[in-house]
$ cat upload-v9.cif   # mmCIF, C-alpha atoms
data_upload
#
loop_
_atom_site.label_atom_id
_atom_site.label_comp_id
_atom_site.auth_asym_id
_atom_site.auth_seq_id
_atom_site.Cartn_x
_atom_site.Cartn_y
_atom_site.Cartn_z
CA ALA B 214 39.72 -69.47 15.82
CA ALA B 215 37.49 -68.19 13.07
CA ALA B 216 33.78 -68.76 13.37
CA PRO B 217 32.33 -71.11 10.74
CA ALA B 218 30.71 -69.32 7.82
CA ALA B 219 26.95 -69.24 7.99
CA ALA B 220 25.09 -71.15 5.31
CA PRO B 221 23.47 -68.90 2.70
CA ALA B 222 19.79 -68.23 3.28
CA PRO B 223 17.52 -70.29 1.00
CA MET B 224 15.97 -68.45 -1.94
CA ALA B 225 12.37 -67.44 -1.48
CA ALA B 226 9.85 -69.02 -3.80
CA PRO B 227 8.47 -66.73 -6.52
CA VAL B 228 5.30 -64.96 -5.56
CA ALA B 229 2.43 -64.61 -7.98
CA VAL B 230 1.34 -61.02 -8.30
CA PRO B 231 -2.24 -60.48 -9.44
CA LEU B 232 -2.51 -58.41 -12.60
CA PRO B 233 -5.38 -56.05 -13.36
CA MET B 234 -8.03 -57.72 -15.49
CA ALA B 235 -10.99 -56.44 -17.45
CA ALA B 236 -14.25 -56.54 -15.55
CA PRO B 237 -15.76 -60.03 -15.88
CA SER B 238 -19.20 -60.60 -17.28
CA PRO B 239 -21.85 -61.34 -14.63
CA ALA B 240 -21.91 -65.01 -15.71
CA ALA B 241 -18.15 -65.35 -15.24
CA GLU B 242 -17.86 -63.56 -11.88
CA ALA B 243 -17.81 -66.81 -9.92
CA THR B 244 -15.14 -68.30 -12.18
CA PRO B 245 -11.43 -67.62 -11.56
CA MET B 246 -9.70 -65.84 -14.42
CA ARG B 247 -6.15 -66.31 -15.64
CA ALA B 248 -3.66 -63.48 -15.53
CA PRO B 249 -2.47 -62.44 -18.98
CA ALA B 250 0.93 -63.63 -20.14
CA ALA B 251 3.77 -61.15 -20.10
CA PRO B 252 4.48 -59.31 -23.34
CA VAL B 253 7.03 -61.08 -25.50
CA ARG B 254 9.25 -59.10 -27.83
CA LYS B 255 9.17 -60.51 -31.34
CA GLY B 256 12.29 -59.80 -33.29
CA GLY B 257 12.60 -58.64 -36.85
CA ALA B 258 10.74 -55.42 -37.46
CA GLY B 259 10.63 -54.70 -33.74
CA SER B 260 6.96 -55.48 -33.39
CA THR B 261 5.63 -56.64 -30.05
CA MET B 262 3.49 -59.73 -29.96
CA LEU B 263 1.46 -60.41 -26.86
CA LEU B 264 1.27 -64.10 -26.23
CA SER B 265 -1.68 -63.35 -24.01
CA ALA B 266 -3.63 -62.37 -27.13
CA VAL B 267 -2.81 -65.69 -28.75
CA LEU B 268 -3.55 -67.63 -25.61
CA GLY B 269 -6.71 -65.67 -25.00
CA SER B 270 -7.98 -66.73 -28.38
CA LEU B 271 -6.93 -70.33 -27.74
CA ARG B 272 -8.19 -71.05 -24.25
CA SER B 273 -11.22 -70.28 -22.17
CA SER B 274 -10.58 -68.06 -19.18
CA GLU B 275 -12.65 -70.53 -17.17
CA ALA B 276 -10.05 -73.33 -17.32
CA GLU B 277 -10.21 -75.22 -14.02
CA ASN B 278 -13.93 -74.83 -13.48
CA ASP B 279 -14.83 -75.87 -17.01
CA ALA B 280 -12.37 -78.77 -17.09
CA ALA B 281 -14.07 -80.14 -14.00
CA GLY B 282 -17.41 -80.06 -15.78
CA GLY B 283 -18.56 -76.79 -14.28
CA GLY B 284 -18.92 -73.51 -16.06
CA SER B 285 -21.14 -70.53 -16.20
CA GLY B 286 -24.07 -72.55 -17.49
CA ASP B 287 -24.19 -70.49 -20.67
CA GLY B 288 -22.52 -73.09 -22.89
CA THR B 289 -20.94 -76.50 -23.18
CA SER B 290 -17.45 -77.05 -21.81
CA PHE B 291 -14.93 -79.61 -23.00
CA VAL B 292 -11.19 -80.19 -23.02
CA HIS B 293 -9.46 -80.33 -26.40
CA PRO B 294 -6.18 -82.32 -26.49
CA LEU B 295 -4.19 -79.41 -27.99
CA LEU B 296 -6.20 -76.35 -27.03
CA GLY B 297 -7.10 -77.28 -23.47
CA PRO B 298 -10.40 -76.31 -21.84
CA LEU B 299 -12.88 -74.61 -24.14
CA GLU B 300 -16.42 -73.40 -23.77
CA VAL B 301 -18.84 -73.41 -26.66
CA GLN B 302 -21.37 -70.62 -26.32
CA PRO B 303 -25.05 -71.33 -27.04
CA GLY B 304 -25.66 -71.27 -30.77
CA GLU B 305 -21.96 -71.64 -31.57
CA ASP B 306 -20.79 -74.64 -33.59
CA ARG B 307 -18.28 -76.69 -31.57
CA GLN B 308 -16.26 -77.82 -34.61
CA ALA B 309 -16.15 -74.29 -36.03
CA LEU B 310 -14.78 -73.04 -32.68
CA VAL B 311 -12.10 -75.75 -32.61
CA ASN B 312 -11.14 -75.11 -36.25
CA ARG B 313 -10.87 -71.36 -35.64
CA LYS B 314 -8.70 -71.81 -32.56
CA LEU B 315 -6.50 -74.44 -34.24
CA LYS B 316 -5.98 -72.07 -37.16
CA THR B 317 -4.87 -69.35 -34.72
CA LEU B 318 -2.55 -71.78 -32.92
CA ARG B 319 -1.01 -72.98 -36.21
CA LYS B 320 -0.37 -69.40 -37.29
CA ALA B 321 1.33 -68.56 -33.97
CA VAL B 322 3.45 -71.74 -33.99
CA LYS B 323 4.52 -71.19 -37.59
CA ARG B 324 5.46 -67.59 -36.90
CA GLN B 325 7.51 -68.53 -33.84
CA VAL B 326 9.39 -71.46 -35.47
CA GLU B 327 10.07 -69.40 -38.59
CA TRP B 328 11.53 -66.71 -36.33
CA TYR B 329 13.90 -69.26 -34.73
CA PHE B 330 15.16 -70.41 -38.15
CA GLY B 331 14.98 -67.02 -39.87
CA ASP B 332 18.03 -65.03 -40.98
CA VAL B 333 18.08 -62.55 -38.08
CA ASN B 334 17.82 -65.12 -35.28
CA TRP B 335 19.94 -67.79 -36.99
CA LYS B 336 22.93 -65.41 -37.07
CA LYS B 337 22.61 -64.66 -33.34
CA ASP B 338 21.52 -68.05 -31.94
CA GLU B 339 24.74 -69.99 -31.49
CA HIS B 340 22.97 -72.73 -29.51
CA LEU B 341 20.57 -73.46 -32.37
CA ARG B 342 23.32 -73.31 -35.01
CA THR B 343 25.65 -75.64 -33.10
CA SER B 344 22.80 -78.07 -32.47
CA ALA B 345 22.34 -78.59 -36.21
CA ASP B 346 23.91 -81.69 -37.74
CA ALA B 347 26.05 -81.70 -40.90
CA ALA B 348 22.90 -81.58 -43.07
CA GLY B 349 21.58 -78.61 -41.07
CA PHE B 350 18.82 -80.53 -39.24
CA VAL B 351 17.93 -79.73 -35.63
CA ASP B 352 15.95 -82.11 -33.42
CA LEU B 353 12.42 -80.84 -32.98
CA GLU B 354 12.64 -81.82 -29.30
CA LEU B 355 15.27 -79.08 -28.89
CA VAL B 356 13.04 -76.49 -30.55
CA VAL B 357 10.04 -77.57 -28.46
CA GLY B 358 12.12 -76.80 -25.37
CA PHE B 359 12.27 -73.08 -26.24
CA ASP B 360 10.16 -71.03 -23.85
CA ARG B 361 8.06 -69.13 -26.36
CA LEU B 362 7.09 -72.27 -28.24
CA GLN B 363 6.32 -74.12 -25.00
CA VAL B 364 3.76 -71.46 -24.17
CA LEU B 365 1.95 -72.29 -27.42
CA THR B 366 2.35 -76.08 -27.63
CA MET B 367 4.78 -78.91 -26.99
CA ASP B 368 3.10 -81.33 -29.40
CA VAL B 369 5.86 -82.43 -31.80
CA PRO B 370 3.61 -83.97 -34.49
CA PHE B 371 1.40 -80.84 -34.49
CA ILE B 372 4.44 -78.58 -34.92
CA ALA B 373 5.87 -80.78 -37.69
CA GLU B 374 2.52 -80.79 -39.52
CA THR B 375 2.19 -77.02 -39.10
CA MET B 376 5.63 -76.39 -40.59
CA GLN B 377 5.15 -78.60 -43.70
CA ASP B 378 4.29 -75.66 -45.98
CA SER B 379 6.76 -73.18 -44.45
CA PRO B 380 8.95 -71.26 -46.88
CA VAL B 381 11.58 -70.89 -44.13
CA VAL B 382 11.72 -74.33 -42.48
CA GLU B 383 11.97 -77.81 -43.99
CA VAL B 384 10.69 -80.75 -41.93
CA SER B 385 12.55 -84.05 -42.28
CA PRO B 386 10.66 -87.05 -43.70
CA CYS B 387 10.54 -88.63 -40.22
CA GLY B 388 8.87 -85.48 -38.83
CA PHE B 389 11.21 -85.18 -35.84
CA ARG B 390 13.84 -82.84 -37.27
CA MET B 391 13.83 -79.54 -39.15
CA ARG B 392 16.24 -77.21 -40.88
CA ARG B 393 16.41 -73.94 -42.77
CA ARG B 394 15.32 -74.19 -46.40
CA THR B 395 18.00 -71.74 -47.51
CA ALA B 396 21.72 -71.64 -46.77
CA ALA B 397 22.77 -69.66 -43.74
CA PRO B 398 23.52 -65.98 -44.46
#
$ encode --input "upload-v9.cif" --output "structure tokens"
Amino acid sequence: AAAPAAAPAPMAAPVAVPLPMAAPSPAAEATPMRAPAAPVRKGGAGSTMLLSAVLGSLRSSEAENDAAGGGSGDGTSFVHPLLGPLEVQPGEDRQALVNRKLKTLRKAVKRQVEWYFGDVNWKKDEHLRTSADAAGFVDLELVVGFDRLQVLTMDVPFIAETMQDSPVVEVSPCGFRMRRRTAAP
């Protein structure tokens, strides 16, 4: 009689590997720092965009401590609904900081969504093409599920508002669907 086959061994959970970071300032030494995001290849001209650069300009590296009301004591910490934990340095205008970071986030979101609907990606992305209805509209919920956009934001109204003036993407009147402005190549 044959011995019963052994059950496959369970998969090990992923292990976080610390990445080298720049030396922290003395005020931030007691605060945990986030590891930078992995480089993400942006298509088109073959340029490489580091999401860590975008995220670094969007979020404070003192996330958990500042969100809990702590911080280095050098500035005021608060949590923005889209940007997450932020720290306003002494002498810095809070609204100017938020506006600057929102502008950066809008630029990154617009660039990423325009890439999804652009000529190069549209030809290759069968999933996106087949998800479009007869009028060419794709549910924004589908687009929000894409990894690179999730890293930036999952806020559907923010994305729809950001894409209103896009030359590549048209947002539906309801704000929950989008399509290419030009016919597919």
$ atom_distance --input "upload-v9.cif" --atom1 "CA of Lys336 (chain B)" --atom2 "CA of Val351 (chain B)"
15.2 Å
$ atom_distance --input "upload-v9.cif" --atom1 "CA of Thr289 (chain B)" --atom2 "CA of Leu310 (chain B)"
11.8 Å
$ residues_around --input "upload-v9.cif" --residues "Val369 (chain B)" --least-positions-apart "2" --cutoff "8 Å" --atoms "only C-alpha atoms" --output "list in words"
Leu353, Glu354, Val357, Met367, Phe371, Ile372, Ala373 and Phe389 of chain B
$ residues_around --input "upload-v9.cif" --residues "Arg307 (chain B)" --least-positions-apart "3" --cutoff "12 Å" --atoms "only C-alpha atoms" --output "PDB file with C-alpha atoms, in the frame of the given file"
ATOM      1  CA  GLY B 288     -22.520 -73.090 -22.890  1.00  0.00           C
ATOM      2  CA  THR B 289     -20.940 -76.500 -23.180  1.00  0.00           C
ATOM      3  CA  SER B 290     -17.450 -77.050 -21.810  1.00  0.00           C
ATOM      4  CA  PHE B 291     -14.930 -79.610 -23.000  1.00  0.00           C
ATOM      5  CA  VAL B 292     -11.190 -80.190 -23.020  1.00  0.00           C
ATOM      6  CA  HIS B 293      -9.460 -80.330 -26.400  1.00  0.00           C
ATOM      7  CA  LEU B 299     -12.880 -74.610 -24.140  1.00  0.00           C
ATOM      8  CA  GLU B 300     -16.420 -73.400 -23.770  1.00  0.00           C
ATOM      9  CA  VAL B 301     -18.840 -73.410 -26.660  1.00  0.00           C
ATOM     10  CA  GLN B 302     -21.370 -70.620 -26.320  1.00  0.00           C
ATOM     11  CA  PRO B 303     -25.050 -71.330 -27.040  1.00  0.00           C
ATOM     12  CA  GLY B 304     -25.660 -71.270 -30.770  1.00  0.00           C
ATOM     13  CA  LEU B 310     -14.780 -73.040 -32.680  1.00  0.00           C
ATOM     14  CA  VAL B 311     -12.100 -75.750 -32.610  1.00  0.00           C
ATOM     15  CA  ASN B 312     -11.140 -75.110 -36.250  1.00  0.00           C
ATOM     16  CA  ARG B 313     -10.870 -71.360 -35.640  1.00  0.00           C
ATOM     17  CA  LYS B 314      -8.700 -71.810 -32.560  1.00  0.00           C
TER      18      LYS B 314
END
